[in-house]
Every structure is written in structure tokens, then in C-alpha cells.
Amino acid sequence: MSAAETNAAAGAALPVPAIAAQPQTKVITGNGAAAWAAMLCRPDVVAAYPITPQSEVIEQLAKFHADGVLDCEYVTVEGENSAQNVICGASMAGGRAFTATSSYGLVYMYDAMFNTAGYRAPVVMINVNREPPGIHAVCSGQQDMISVRDTGWVQLIVENDQEIMDTTIMAFRLAEDHDIQLPVIVNYDGYYLSFLAESVEVPSITQVDDYLAPLKAQPPRPQLLPGSNLGCGSHGIGMGYVELRKKHMAAMERVKPKLEEIEAEFTAAFGRAYGGQIEKYRCEDAEIVLVTSGSAVGTAREVVDAKRAEGVKVGLVKIRLYRPWPKEALAAAVKGMKAVGVLDRSICFGWDCGPLYMELRAVTPECGVVPMLSFIDGLANMDITRDHIAGMIDDIQAAADGRPYQQVTWLP
Amino acid sequence: MVERGGAKAPAAGGAGQGGEIFQTEASWSISSGDMLCLHTGDWRTERPIFVKEECNACGFCYIFCPIQCIHDDEDGIHYAADMEYCKGCGVCAKECPTGAIVMTPEGGFDECR
């Protein structure tokens, strides 16, 4: 049965708002792309609180709601902790739920994020990366996403506005998949992407309906209903807890092949591909490699091209899936390289390096012991420039050539 | 679909392999059957004894109980606690305006519940 037939079989005569009736090319910001994507996925409940640099996402969704384009409950909560609890409850009641936040907002919903993940409520959240509290920085940085690493959420991080659009749509397929049933965060760099206007291919709402239609053919999830006699989260002592943790962990591992699968379907439907868990760029005959994530990948591509033109055999690996950590894919990608560099937009206390670097080092048994260099750059809106990345590649090459190298380098 | 008010078990989750406590990915359980929850009564070291002669049926105990385990007594006038869940915190006894609830050590009782 095709996706369209599945949709029709479900008896869905869904309204088609005029502004989303046709596929279109729009010049929109990253935040706009996130809002459009969320609207196209028809959430039943949106609950969110504004915070720079995310505010535009929920303002746009509020406008969609006010204009009658988005038929949902739009809950204007008094803070992010409530936003997370509202969407968790909405999801447990059987609805599709969405929120968006950043930085202070993300950490303000920290306990509630554990609830959502522990209840296996498949919500989707946008997190617009920004430096967290402590040193007041209304600036980009990825420390917020790093700080919620172990809450049990799936985390993706993207490079540009088109990928925000496409990954948000895929996130609903991933979260609500019967084999997964986990909440998903789509991260993108604040400022660099949130306010950057780019040309974005926006699918029609019918195309998105068709893409999401297989979710309707799945066995239904249990749901909280008034008067029903089901409970969830009420038992957590002894083996019950252990069983649920093990199931949660197993579901996390299933995310890796599932992401590849749903992206393949996305590519078949929309013609765009992102490589699944990671993207390898010019890695075929590479001898050294730079690993990074988010908006810095765009700059790194250009520098890798320039270095390639000079004869440097450098490749680039872009991390898309942050949790679960794509350790098998990464080990395969860096295996055989003479030296590896990792560019982090955040820091890892206690390891004196970047967090992505620390995690990549953990796959050393699989990929072999080679010089690995940690670069910390782009904190608090400090630009990760072409010159910075060229310097990193020079350092990685020097290490590959057997020269002494510095393990951790802070730029600029 | 789970039937409202029914006893139908939720569909098995993606990882279901049998021999498990939960049939679902999450910790769903059915209250009409063996609801999987914390029997907080096990934590109790003291239990509330309701002295009906002193009770004016004001309902303060019912209102203040932090886990809402106080319910109408069989006579429909006074109150009693569900010993399955009463943690023995003593808030009811503290709030009772007539002193009709007396906290008594568990050691004197044969049955836990």
C-alpha cells in the first residue's frame, strides 16, 4: 500500500490550507523553516514559551494558528517547564505534540525532559542552540544540547535552513515510529541559522501528509483518556525500572537504522538526502579528516574544497545524529585516517577538550590509534572562520606527518 | 485502541520479548487489574487511628492527605485511610481540629495493610 493509499484508508479528509496547498520555494529564516515544518506536520498541541533566538518559531506558529492555517491547541504557558509537561501530557493522551526552546528554556525543562523520555512520549522539540546560563551570553553555542545528552531523547543537529525543514518533518516520523517511541530534538545553531534567510524548498501539506501516513498504519499507542483505567510511570522499583531502562536503551539503538530508513523514504519522496546518521564529504581517498556538526559544516565544506585544490587529502565528516551517538558509522568513517580533528562549539568539563571529540576518542578501539586533535571554536557567537578551519586542517596534516601536535586548541 | 474503562491489555511494544513486567514500551498498566504502582503503605512506621467519637466529619484529613489516600468510611459520615498507600506521615493527625486521629506505631499491629 502506498503512503497516499494508507492515508486515504485512514479516512483522513484533512483540510488543506491555501498557503500550504502547493510545493513552493520560499526565502525564510531557519526559525521560519522550523515553524513551517511543524505546521505541515499538523501537531494537535503546541505549547511553548518565547526565548531568543527561538521566539520567531513560536510567533510564526501562533500566527498560523490565529490565521486558521494550523488547527491545534496552542497553549501559551508561563514557562518552558510547563511547555514540556503540556506536550508530554498531550502526547500521552494520543496527540502529536510540538515545542521549541533554547538555552535557558531547555535547562528550565530539564526534569520534565526526563519525564517525557521516561514515559516514551514521542514529541518533537526544536532547540535553537545558544550558550546556557552562567555567563550571560545571548549568543550561539552548542553547550545547551550537550547538557541534556543523557535525558534519553534522540538528538539531531543540522547544517542549514533546508535541513531544518526536512529534518523536522523526518523527526515526527522517527519519534512516532512504533519501533522507536522516543522524543526527538532537532538542534540548529542560533543566530547563524535561526535568523539566516535562505531559499528553502517547502513541500505541500499533502506531500507531508503522505510522508507521515505510515504512522497511522501502526498499532496504536496506549493513551490516557478521561475515565480510562490506564496509568503510566507509576511503577519504578526493582525489575520494572530495569526493564524499562533496557527497553529505552534498545529503542535508542534502533534509532540508527530507522533514521537511515525514514531518510531513504524522504529522499524518494522529496529528492533530498543528508547521509543519515553522518555525512561523509570528500572522504573517499582522504588521509586526514575533520569532524564537526551544525552550521560550521557549511564553512568547512568550502575550506575542504580549497585544501583539496591544493592537494591536501582532507575529508569532512558531519555529525547529524548526536544521540544515539553514531559510533559504528563514525568508527568506519575515520578508520584508516592518519589523523583526525574534531571541531566543537562547546566544551567538556572534566576532560579538558570538546565533547564530540571526547566521544569520538571512545571509538578508538574500533578505528585505531591515530593522532586526534580537539578544536574548540565558535563559543558565544565567535565566528568559526575559513581561516580558523584552514588552520585546523594544517594542524591535522602536521600531526598526520608525524610532527608534534597540540591535543586541544582553543580558537581564536 | 485501548478501550475506555475496559480491561484490555495495551498492544505489545516494539521490543516485547515475553517474560516482561510491562507489555508496552512505556510503563503502562491497568488499574482494574494488577496496577503496577508503588505500594507506599510499605514505608509506614506509624498508622493513623480514627477515633469516630471525637470526629466532627470536617474533612480536613481528606483535604490535607498528601497522597489522597483518605476516603469516606463505611458509615458514610466519617473517614478512613487506605492502608495500601498511607505512608504514615501524620499530616492528617496534625491538621485534625478535634484530635480524632492518633498516630500509633506499626509495631503493635500484626498486618501491614
# chains A, B, ... in the order shown; residues from 1 in each chain; ligands from 1
>>> interface_residues(of="chain A", to="chain B", cutoff="7 Å", atoms="only C-alpha atoms", output="MDAnalysis selection string")
chainID A and resid 119:120 178:179 220 222 227:235 240 244 247
>>> write_last_selection(atoms="N, CA and C atoms", output="PDB file, in the first residue's frame")
ATOM      1  N   TYR A 119       8.447   8.361  29.919  1.00  0.00           N
ATOM      2  CA  TYR A 119       7.110   7.916  29.521  1.00  0.00           C
ATOM      3  C   TYR A 119       7.072   7.476  28.061  1.00  0.00           C
ATOM      4  N   ARG A 120       8.184   7.630  27.381  1.00  0.00           N
ATOM      5  CA  ARG A 120       8.293   7.270  25.960  1.00  0.00           C
ATOM      6  C   ARG A 120       7.258   8.046  25.131  1.00  0.00           C
ATOM      7  N   HIS A 178       6.589   3.107  15.656  1.00  0.00           N
ATOM      8  CA  HIS A 178       6.250   2.136  16.709  1.00  0.00           C
ATOM      9  C   HIS A 178       7.496   1.458  17.290  1.00  0.00           C
ATOM     10  N   ASP A 179       8.531   1.321  16.495  1.00  0.00           N
ATOM     11  CA  ASP A 179       9.763   0.697  16.975  1.00  0.00           C
ATOM     12  C   ASP A 179      10.611   1.653  17.822  1.00  0.00           C
ATOM     13  N   PRO A 220      -1.854   1.218  17.534  1.00  0.00           N
ATOM     14  CA  PRO A 220      -1.968   2.458  18.320  1.00  0.00           C
ATOM     15  C   PRO A 220      -1.200   2.364  19.631  1.00  0.00           C
ATOM     16  N   PRO A 222      -0.869   3.098  23.643  1.00  0.00           N
ATOM     17  CA  PRO A 222      -1.823   3.305  24.738  1.00  0.00           C
ATOM     18  C   PRO A 222      -1.979   4.805  24.966  1.00  0.00           C
ATOM     19  N   GLY A 227     -11.498   8.972  32.341  1.00  0.00           N
ATOM     20  CA  GLY A 227     -12.315   7.823  32.710  1.00  0.00           C
ATOM     21  C   GLY A 227     -11.694   6.485  32.397  1.00  0.00           C
ATOM     22  N   SER A 228     -10.583   6.465  31.698  1.00  0.00           N
ATOM     23  CA  SER A 228      -9.971   5.181  31.374  1.00  0.00           C
ATOM     24  C   SER A 228      -9.167   4.695  32.583  1.00  0.00           C
ATOM     25  N   ASN A 229      -8.823   3.443  32.561  1.00  0.00           N
ATOM     26  CA  ASN A 229      -8.189   2.861  33.741  1.00  0.00           C
ATOM     27  C   ASN A 229      -6.723   2.525  33.504  1.00  0.00           C
ATOM     28  N   LEU A 230      -6.065   3.336  32.678  1.00  0.00           N
ATOM     29  CA  LEU A 230      -4.651   3.107  32.423  1.00  0.00           C
ATOM     30  C   LEU A 230      -3.800   4.101  33.199  1.00  0.00           C
ATOM     31  N   GLY A 231      -2.666   3.635  33.613  1.00  0.00           N
ATOM     32  CA  GLY A 231      -1.709   4.526  34.233  1.00  0.00           C
ATOM     33  C   GLY A 231      -0.359   4.340  33.590  1.00  0.00           C
ATOM     34  N   CYS A 232       0.528   5.314  33.767  1.00  0.00           N
ATOM     35  CA  CYS A 232       1.872   5.192  33.207  1.00  0.00           C
ATOM     36  C   CYS A 232       2.841   5.906  34.141  1.00  0.00           C
ATOM     37  N   GLY A 233       4.001   5.310  34.300  1.00  0.00           N
ATOM     38  CA  GLY A 233       5.025   5.949  35.112  1.00  0.00           C
ATOM     39  C   GLY A 233       4.829   5.753  36.601  1.00  0.00           C
ATOM     40  N   SER A 234       3.917   4.853  36.980  1.00  0.00           N
ATOM     41  CA  SER A 234       3.584   4.712  38.395  1.00  0.00           C
ATOM     42  C   SER A 234       4.388   3.612  39.090  1.00  0.00           C
ATOM     43  N   HIS A 235       5.149   2.867  38.322  1.00  0.00           N
ATOM     44  CA  HIS A 235       5.882   1.762  38.919  1.00  0.00           C
ATOM     45  C   HIS A 235       7.353   1.894  38.582  1.00  0.00           C
ATOM     46  N   GLY A 240      11.010  -3.667  37.343  1.00  0.00           N
ATOM     47  CA  GLY A 240      10.221  -2.865  36.405  1.00  0.00           C
ATOM     48  C   GLY A 240      11.049  -1.721  35.847  1.00  0.00           C
ATOM     49  N   LEU A 244      12.388  -1.224  31.889  1.00  0.00           N
ATOM     50  CA  LEU A 244      12.072  -0.041  31.090  1.00  0.00           C
ATOM     51  C   LEU A 244      13.334   0.662  30.608  1.00  0.00           C
ATOM     52  N   LYS A 247      14.631  -1.380  27.728  1.00  0.00           N
ATOM     53  CA  LYS A 247      13.818  -1.137  26.532  1.00  0.00           C
ATOM     54  C   LYS A 247      14.150   0.217  25.904  1.00  0.00           C
TER      55      LYS A 247
END
>>> residues_around(residues="Asn85 of chain A", least_positions_apart="5", cutoff="12 Å", atoms="only C-alpha atoms", output="mmCIF file with C-alpha atoms, in the first residue's frame")
data_model
loop_
_atom_site.group_PDB
_atom_site.id
_atom_site.type_symbol
_atom_site.label_atom_id
_atom_site.label_comp_id
_atom_site.auth_asym_id
_atom_site.auth_seq_id
_atom_site.Cartn_x
_atom_site.Cartn_y
_atom_site.Cartn_z
ATOM 1 C CA VAL A 45 -0.876 20.563 20.554
ATOM 2 C CA VAL A 46 1.806 23.259 20.527
ATOM 3 C CA ALA A 47 2.980 24.606 23.885
ATOM 4 C CA ALA A 48 5.945 26.915 24.051
ATOM 5 C CA VAL A 75 -1.021 26.646 24.861
ATOM 6 C CA VAL A 77 2.380 28.536 29.025
ATOM 7 C CA GLU A 78 4.127 30.581 31.699
ATOM 8 C CA GLY A 79 7.497 28.894 31.206
ATOM 9 C CA GLU A 80 9.373 26.093 29.485
ATOM 10 C CA ALA A 90 -0.705 15.806 25.117
ATOM 11 C CA SER A 91 1.416 13.050 23.645
ATOM 12 C CA MET A 92 0.330 10.586 26.333
ATOM 13 C CA ALA A 97 2.844 17.498 20.159
ATOM 14 C CA PHE A 98 5.490 20.100 19.444
ATOM 15 C CA THR A 99 7.523 22.686 21.291
ATOM 16 C CA TYR A 108 14.442 25.036 32.752
ATOM 17 C CA MET A 109 12.578 21.991 31.413
ATOM 18 C CA TYR A 110 15.329 19.542 32.389
ATOM 19 C CA ASP A 111 13.298 17.437 34.843
ATOM 20 C CA ALA A 112 10.305 17.402 32.530
ATOM 21 C CA MET A 113 12.504 16.161 29.690
ATOM 22 C CA PHE A 114 13.293 13.072 31.749
ATOM 23 C CA ASN A 115 9.552 12.546 32.230
ATOM 24 C CA THR A 116 8.815 12.814 28.524
ATOM 25 C CA ALA A 117 11.588 10.384 27.648
ATOM 26 C CA TYR A 119 7.110 7.916 29.521
ATOM 27 C CA ALA A 121 6.166 10.180 24.752
ATOM 28 C CA VAL A 123 7.111 14.539 20.978
#
>>> residues_around(residues="Cys86 of chain B", least_positions_apart="3", cutoff="6 Å", atoms="only C-alpha atoms", output="ChimeraX atom specification")
/B:41,82-83
